[in-house]
$ cat coords02.txt   # compact mmCIF, C-alpha atoms
# COMPACT_ATOMS: atom_id res chain seq x y z
CA MET A 1 92.15 131.68 84.50
CA THR A 2 89.94 132.18 81.47
CA LYS A 3 86.20 131.98 81.50
CA ASN A 4 84.87 128.42 81.39
CA ASP A 5 81.17 128.31 80.63
CA SER A 6 81.11 124.58 81.27
CA VAL A 7 81.71 125.01 85.01
CA LYS A 8 78.48 124.57 86.94
CA CYS A 9 77.88 125.45 90.56
CA THR A 10 77.26 122.36 92.70
CA VAL A 11 75.99 124.35 95.70
CA PRO A 12 72.16 124.53 95.91
CA ALA A 13 70.75 127.80 94.59
CA GLU A 14 69.17 128.71 97.93
CA ASP A 15 72.54 128.38 99.65
CA VAL A 16 74.22 130.51 96.96
CA THR A 17 71.67 133.24 97.71
CA ARG A 18 72.07 132.81 101.47
CA VAL A 19 75.85 133.19 101.51
CA LYS A 20 75.73 136.06 99.02
CA ALA A 21 73.89 138.02 101.71
CA LEU A 22 76.88 137.26 103.96
CA GLY A 23 79.29 138.73 101.41
CA PHE A 24 80.32 135.51 99.63
CA LEU A 25 79.82 135.50 95.87
CA TRP A 26 80.17 132.38 93.78
CA ASP A 27 83.42 132.21 91.79
CA LYS A 28 82.23 131.21 88.31
CA THR A 29 85.54 129.46 87.57
CA THR A 30 84.86 126.88 90.29
CA GLU A 31 82.15 124.40 91.24
CA ASP A 32 81.81 125.24 94.92
CA CYS A 33 84.06 128.17 95.83
CA PHE A 34 83.13 131.72 96.77
CA ASN A 35 84.94 135.04 97.06
CA GLY A 36 84.36 136.51 100.52
CA ARG A 37 84.25 140.29 101.03
CA VAL A 38 85.86 141.52 104.24
CA ILE A 39 84.59 144.95 105.31
CA THR A 40 87.31 147.53 105.97
CA ARG A 41 84.93 150.18 107.45
CA ASN A 42 86.45 153.11 105.57
CA GLY A 43 89.24 151.55 103.56
CA LYS A 44 91.74 151.60 106.41
CA ILE A 45 92.64 148.63 108.62
CA THR A 46 95.32 147.88 111.18
CA ALA A 47 98.40 145.74 110.59
CA GLU A 48 96.90 143.04 112.83
CA GLU A 49 93.68 143.04 110.81
CA CYS A 50 95.64 142.86 107.58
CA GLU A 51 97.55 139.86 108.91
CA ALA A 52 94.24 138.23 109.92
CA VAL A 53 92.85 138.64 106.39
CA ALA A 54 96.04 137.18 104.91
CA GLU A 55 95.88 134.22 107.31
CA ALA A 56 92.21 133.69 106.48
CA ALA A 57 93.14 133.55 102.80
CA ARG A 58 95.80 130.93 103.56
CA ARG A 59 93.61 128.81 105.84
CA PHE A 60 90.26 129.00 104.12
CA GLY A 61 90.81 130.22 100.55
CA SER A 62 93.31 130.14 97.71
CA GLY A 63 95.87 132.31 99.50
CA GLU A 64 94.95 135.32 97.37
CA VAL A 65 93.23 138.59 98.34
CA ALA A 66 91.69 140.99 95.81
CA MET A 67 90.62 144.58 96.37
CA THR A 68 87.13 145.65 95.35
CA THR A 69 86.05 149.06 94.10
CA ARG A 70 84.20 149.63 97.41
CA LEU A 71 87.47 149.24 99.37
CA THR A 72 86.66 145.78 100.71
CA MET A 73 89.20 142.94 100.75
CA GLU A 74 87.99 139.86 98.92
CA VAL A 75 89.41 136.50 100.00
CA GLN A 76 89.51 134.41 96.85
CA ARG A 77 88.09 130.93 96.23
CA VAL A 78 86.75 129.94 99.62
CA PRO A 79 85.14 126.46 99.46
CA TYR A 80 81.52 126.47 100.59
CA ALA A 81 82.40 124.33 103.62
CA ASN A 82 84.96 126.95 104.75
CA ILE A 83 82.63 129.95 104.77
CA GLU A 84 81.44 129.72 108.37
CA PRO A 85 84.88 128.76 109.77
CA MET A 86 86.37 131.77 107.97
CA ARG A 87 83.72 134.13 109.34
CA GLU A 88 84.29 132.80 112.86
CA TYR A 89 88.05 133.27 112.49
CA LEU A 90 87.72 136.87 111.25
CA ALA A 91 85.27 137.70 114.04
CA GLN A 92 88.08 137.12 116.56
CA TYR A 93 89.73 140.22 115.08
CA GLY A 94 86.57 142.29 114.89
CA LEU A 95 86.25 141.78 111.15
CA THR A 96 83.01 141.01 109.33
CA THR A 97 81.99 140.03 105.82
CA GLY A 98 79.16 141.48 103.76
CA GLY A 99 78.66 144.39 101.39
CA THR A 100 75.97 143.01 99.12
CA GLY A 101 72.22 143.35 98.75
CA LYS A 102 69.59 146.09 98.65
CA LYS A 103 71.01 148.11 101.50
CA VAL A 104 73.71 150.63 102.35
CA ARG A 105 76.92 149.40 100.76
CA PRO A 106 80.48 149.73 102.18
CA ILE A 107 81.56 153.35 102.56
CA VAL A 108 84.28 154.60 100.23
CA SER A 109 86.68 157.29 101.43
CA CYS A 110 89.69 159.03 99.97
CA LYS A 111 92.77 159.72 102.10
CA GLY A 112 91.83 163.35 102.65
CA THR A 113 92.78 163.09 106.32
CA THR A 114 96.45 162.81 105.39
CA CYS A 115 96.50 164.13 101.82
CA GLN A 116 98.02 167.58 101.22
CA TYR A 117 94.85 168.63 99.42
CA GLY A 118 92.40 167.23 101.99
CA LEU A 119 90.10 169.85 103.52
CA VAL A 120 88.27 167.60 106.01
CA ASP A 121 88.98 164.51 108.11
CA THR A 122 87.62 161.97 105.63
CA TYR A 123 88.61 158.87 107.64
CA ALA A 124 86.78 160.06 110.75
CA LEU A 125 83.66 161.08 108.83
CA SER A 126 83.51 157.90 106.77
CA LEU A 127 84.01 155.77 109.90
CA ALA A 128 81.10 157.58 111.56
CA ILE A 129 78.97 156.99 108.45
CA HIS A 130 79.99 153.32 108.46
CA GLU A 131 78.96 152.84 112.10
CA ARG A 132 75.69 154.75 111.85
CA PHE A 133 74.43 153.59 108.48
CA PHE A 134 76.29 150.53 107.18
CA VAL A 135 76.23 148.85 110.59
CA GLY A 136 73.31 150.64 112.23
CA MET A 137 71.00 150.13 109.24
CA ARG A 138 72.16 146.64 108.25
CA ASP A 139 68.59 145.35 108.64
CA VAL A 140 67.01 148.14 106.56
CA THR A 141 66.02 146.84 103.14
CA LEU A 142 65.96 149.44 100.38
CA PRO A 143 64.56 149.45 96.82
CA HIS A 144 68.11 148.96 95.52
CA LYS A 145 71.73 149.27 96.68
CA PHE A 146 72.78 152.61 98.15
CA LYS A 147 76.34 153.84 97.77
CA ILE A 148 78.07 156.59 99.76
CA ALA A 149 81.47 158.15 99.04
CA VAL A 150 83.47 160.73 101.01
CA GLY A 151 85.96 162.92 99.17
CA GLY A 152 88.32 165.30 100.93
CA CYS A 153 88.53 167.98 98.25
CA PRO A 154 87.20 168.95 94.81
CA ASN A 155 89.77 166.68 93.12
CA ASN A 156 87.04 164.03 93.61
CA CYS A 157 89.41 161.04 93.60
CA VAL A 158 86.69 158.68 94.89
CA LYS A 159 84.13 160.09 92.44
CA PRO A 160 81.50 161.23 94.97
CA GLU A 161 79.30 162.52 92.14
CA LEU A 162 78.87 158.97 90.84
CA ASN A 163 77.45 157.68 94.13
CA ASP A 164 73.91 157.81 95.49
CA ILE A 165 75.26 160.31 98.01
CA GLY A 166 78.62 162.02 97.74
CA ILE A 167 80.22 164.20 100.41
CA ILE A 168 82.98 166.55 99.28
CA GLY A 169 85.23 168.60 101.55
CA GLN A 170 85.31 172.26 100.64
CA ARG A 171 86.71 175.53 101.96
CA TYR A 172 84.91 178.83 101.66
CA VAL A 173 87.06 181.94 101.84
CA GLU A 174 85.65 185.35 102.78
CA ILE A 175 87.14 188.32 100.96
CA ASP A 176 88.00 191.39 103.02
CA TYR A 177 87.96 194.05 100.34
CA ASP A 178 89.28 196.69 102.74
CA LYS A 179 92.57 194.76 102.82
CA CYS A 180 92.80 194.15 99.07
CA ARG A 181 95.42 196.49 97.56
CA GLY A 182 94.97 195.44 93.94
CA CYS A 183 98.56 194.26 93.62
CA LYS A 184 99.96 194.19 90.10
CA VAL A 185 100.78 190.52 90.62
CA CYS A 186 97.88 189.23 92.71
CA GLN A 187 98.95 186.17 94.71
CA ILE A 188 95.35 184.96 94.90
CA GLU A 189 94.97 185.09 91.14
CA LYS A 190 98.33 183.39 90.76
CA ALA A 191 97.46 180.59 93.22
CA CYS A 192 94.00 179.76 91.86
CA PRO A 193 94.21 176.50 89.85
CA MET A 194 90.80 177.14 88.26
CA LYS A 195 91.60 180.74 87.22
CA ALA A 196 88.42 181.78 89.01
CA ALA A 197 90.10 184.72 90.79
CA LYS A 198 90.91 187.83 88.78
CA LEU A 199 91.60 191.51 89.37
CA VAL A 200 88.64 193.67 88.32
CA ASP A 201 88.85 197.43 88.70
CA GLY A 202 91.73 197.12 91.14
CA LYS A 203 90.08 194.52 93.39
CA VAL A 204 90.28 190.73 93.38
CA CYS A 205 87.02 189.06 92.40
CA VAL A 206 86.03 185.39 92.36
CA ASP A 207 83.78 183.76 89.78
CA TYR A 208 81.94 181.30 92.00
CA ASP A 209 80.49 179.50 88.98
CA VAL A 210 84.07 178.45 88.21
CA CYS A 211 85.50 178.24 91.75
CA THR A 212 85.61 174.71 93.21
CA ARG A 213 86.17 175.88 96.81
CA CYS A 214 89.47 174.00 96.97
CA GLY A 215 90.99 176.46 99.45
CA ARG A 216 94.29 176.73 97.58
CA CYS A 217 94.04 180.52 97.73
CA PHE A 218 93.72 180.66 101.51
CA SER A 219 96.48 182.65 103.22
CA LYS A 220 98.20 183.43 99.90
CA CYS A 221 97.46 187.14 100.13
CA PRO A 222 100.26 188.89 102.09
CA PHE A 223 97.75 191.51 103.24
CA GLU A 224 95.26 188.88 104.47
CA ALA A 225 92.49 189.89 102.09
CA PHE A 226 91.67 186.15 102.00
CA GLY A 227 92.40 185.60 105.66
CA LYS A 228 89.05 184.19 106.82
CA GLU A 229 87.94 180.74 105.76
CA ARG A 230 85.40 178.09 106.69
CA SER A 231 85.86 174.37 106.16
CA GLY A 232 82.80 172.30 105.44
CA TYR A 233 81.06 169.96 103.05
CA ARG A 234 79.14 169.91 99.81
CA ILE A 235 76.60 167.10 99.45
CA CYS A 236 75.47 165.78 96.10
CA ILE A 237 72.71 163.22 95.53
CA GLY A 238 71.58 160.87 92.80
CA GLY A 239 74.87 159.81 91.23
CA ARG A 240 75.20 156.43 89.57
CA TRP A 241 77.71 154.50 87.48
CA GLY A 242 77.09 151.39 85.46
CA LYS A 243 74.76 150.44 82.63
CA LYS A 244 72.97 153.74 83.18
CA SER A 245 75.10 156.58 84.47
CA ALA A 246 73.99 159.77 86.17
CA LYS A 247 75.95 162.64 87.70
CA ALA A 248 74.80 163.69 91.15
CA GLN A 249 73.25 167.10 91.73
CA SER A 250 74.47 169.31 94.57
CA LEU A 251 72.22 170.41 97.39
CA GLY A 252 72.02 174.17 97.64
CA LYS A 253 73.62 174.48 101.05
CA PHE A 254 77.15 174.59 102.45
CA PHE A 255 77.29 172.23 105.44
CA THR A 256 79.59 173.24 108.26
CA SER A 257 79.23 170.33 110.70
CA GLU A 258 79.50 166.57 110.60
CA GLU A 259 76.12 166.19 112.29
CA GLU A 260 74.43 168.19 109.54
CA VAL A 261 75.92 165.77 107.01
CA MET A 262 74.75 162.77 109.03
CA GLN A 263 71.22 164.13 109.23
CA VAL A 264 71.03 164.57 105.45
CA ILE A 265 72.35 161.04 104.85
CA GLU A 266 69.79 159.57 107.25
CA ARG A 267 66.94 161.50 105.65
CA ALA A 268 68.08 160.37 102.20
CA ILE A 269 68.20 156.70 103.17
CA LEU A 270 64.79 156.83 104.83
CA LEU A 271 63.30 158.78 101.91
CA PHE A 272 64.64 156.13 99.54
CA ARG A 273 63.23 153.37 101.74
CA ASP A 274 59.79 154.94 102.04
CA GLN A 275 59.32 156.63 98.66
CA GLY A 276 61.54 154.63 96.32
CA GLU A 277 60.02 151.94 94.14
CA ALA A 278 61.36 148.39 94.01
CA GLY A 279 64.28 148.03 91.62
CA GLU A 280 64.95 151.72 91.08
CA ARG A 281 68.14 153.50 92.10
CA PHE A 282 68.08 156.68 94.17
CA ALA A 283 68.70 158.69 90.99
CA ASP A 284 65.45 157.32 89.56
CA THR A 285 63.56 158.18 92.75
CA ILE A 286 64.88 161.75 92.59
CA ASN A 287 63.88 162.10 88.94
CA ARG A 288 60.41 160.74 89.65
CA LEU A 289 59.77 162.90 92.73
CA GLY A 290 61.60 165.97 91.43
CA PHE A 291 64.96 167.26 92.66
CA GLU A 292 63.48 170.35 94.37
CA ASN A 293 61.01 168.17 96.28
CA VAL A 294 63.72 165.75 97.43
CA GLU A 295 66.09 168.60 98.33
CA ALA A 296 63.43 170.26 100.46
CA GLN A 297 62.84 167.01 102.35
CA LEU A 298 66.55 166.39 102.92
CA LEU A 299 67.07 169.92 104.20
CA GLY A 300 64.13 169.57 106.57
CA GLU A 301 62.08 172.21 104.82
CA GLN A 302 58.98 170.00 104.56
CA ALA A 303 57.63 166.85 106.14
$ encode --input "coords02.txt" --output "structure tokens"
Amino acid sequence: MTKNDSVKCTVPAEDVTRVKALGFLWDKTTEDCFNGRVITRNGKITAEECEAVAEAARRFGSGEVAMTTRLTMEVQRVPYANIEPMREYLAQYGLTTGGTGKKVRPIVSCKGTTCQYGLVDTYALSLAIHERFFVGMRDVTLPHKFKIAVGGCPNNCVKPELNDIGIIGQRYVEIDYDKCRGCKVCQIEKACPMKAAKLVDGKVCVDYDVCTRCGRCFSKCPFEAFGKERSGYRICIGGRWGKKSAKAQSLGKFFTSEEEVMQVIERAILLFRDQGEAGERFADTINRLGFENVEAQLLGEQA
């Protein structure tokens, strides 16, 4: 359907605002229909839940479901009178609507848990983030929306660096130089997709300014020079995409536990709530306060 500027919404403005907070946005091609966003927690739902969303679309909407960029499922063209019946129906299956407003938005996760390149359990981490911050902080109003993305490796398929907070799975490999034999054809150098590993004076060396910590080199050395590795996370803050874009900056620490990641996310949200100014994104808050200042607060190095 093409845009029709002559269509006017017949639902009172205060009700349009009210249901938007519930995840129902007015469909500008209709007079009184809304597109309802069903939260998928981390982009993964069960077959039963999928069937419930499809049935909700048949009963209460147009029979169509669209996917949003935040991995929610949007039931199309729900008449205003059907909004509450649809929410009650979905609640029977543990499903909720929402995902709008000046608060933590739905969590986006890649499939790192099952992907051959995934270095961390992205589904488990993003589900924990969903429960603790999207659900647990649903009543916390922020200066602006706050987006979180979890990527399983440096391929960055979900673009963590364009979110307010991005978590990226990484793998640090420790080099045991006593085991390096300076092979003519170094398997580490051969395996490195970034060409960050090279033989220098008969020993393999890694340029960590180029290395993305993807872990592809792990266990490739037949003499186990790269035999020790640590899986963990890189956290970047202040990303944004839209009318004004900004690439997130990485915190200067390698995080080795999920709880460390959760602590940083919580500190970031509370810092944004308390020190952010109305209408500014987290990137603006960071620029105003200074990255070093914000980093120190998130790492617990100052009050």
$ closest_atom_pairs --input "coords02.txt" --of "range 200-268 of chain A" --to "range 149-156 of chain A" --cutoff "9 Å" --atoms "all atoms listed in the file" --output "CSV"
residue,atom,partner,partner_atom,distance
A:Thr212,CA,A:Pro154,CA,6.2
A:Arg213,CA,A:Pro154,CA,7.3
A:Cys214,CA,A:Pro154,CA,5.9
A:Gly215,CA,A:Cys153,CA,8.9
A:Tyr233,CA,A:Gly152,CA,8.9
$ closest_atom_pairs --input "coords02.txt" --of "range 125-220 of chain A" --to "range 18-22 of chain A" --cutoff "12 Å" --atoms "only C-alpha atoms" --output "CSV"
residue,atom,partner,partner_atom,distance
A:Arg138,CA,A:Ala21,CA,11.0
A:Asp139,CA,A:Ala21,CA,11.4
A:Thr141,CA,A:Ala21,CA,11.9
$ residues_around --input "coords02.txt" --residues "Ser219 in chain A" --least-positions-apart "5" --cutoff "10 Å" --atoms "only C-alpha atoms" --output "PyMOL selection string"
chain A and resi 173+187-188+224-229
$ closest_atom_pairs --input "coords02.txt" --of "range 145-233 of chain A" --to "range 63-72 of chain A" --cutoff "12 Å" --atoms "all atoms listed in the file" --output "CSV"
residue,atom,partner,partner_atom,distance
A:Phe146,CA,A:Arg70,CA,11.8
A:Lys147,CA,A:Arg70,CA,8.9
A:Ile148,CA,A:Arg70,CA,9.6
A:Ala149,CA,A:Arg70,CA,9.1
A:Val150,CA,A:Arg70,CA,11.7
A:Val158,CA,A:Thr69,CA,9.7
A:Lys159,CA,A:Thr69,CA,11.3
A:Asn163,CA,A:Arg70,CA,11.0
$ atom_distance --input "coords02.txt" --atom1 "CA of Gly136 in chain A" --atom2 "CA of Trp241 in chain A"
25.4 Å
$ residues_around --input "coords02.txt" --residues "Glu295 in chain A" --least-positions-apart "6" --cutoff "10 Å" --atoms "all atoms listed in the file" --output "list in words"
Ile237, Gln249, Ser250, Leu251, Gly252, Lys253, Val264, Ala268, Ile286, Glu301 and Gln302 of chain A
$ closest_residue --input "coords02.txt" --among "A:Tyr80, A:Phe60, A:Tyr123, A:Trp26" --to "Lys44 in chain A" --atoms "only C-alpha atoms"
A:Tyr123
$ atom_distance --input "coords02.txt" --atom1 "CA of Cys50 in chain A" --atom2 "CA of Lys103 in chain A"
25.9 Å
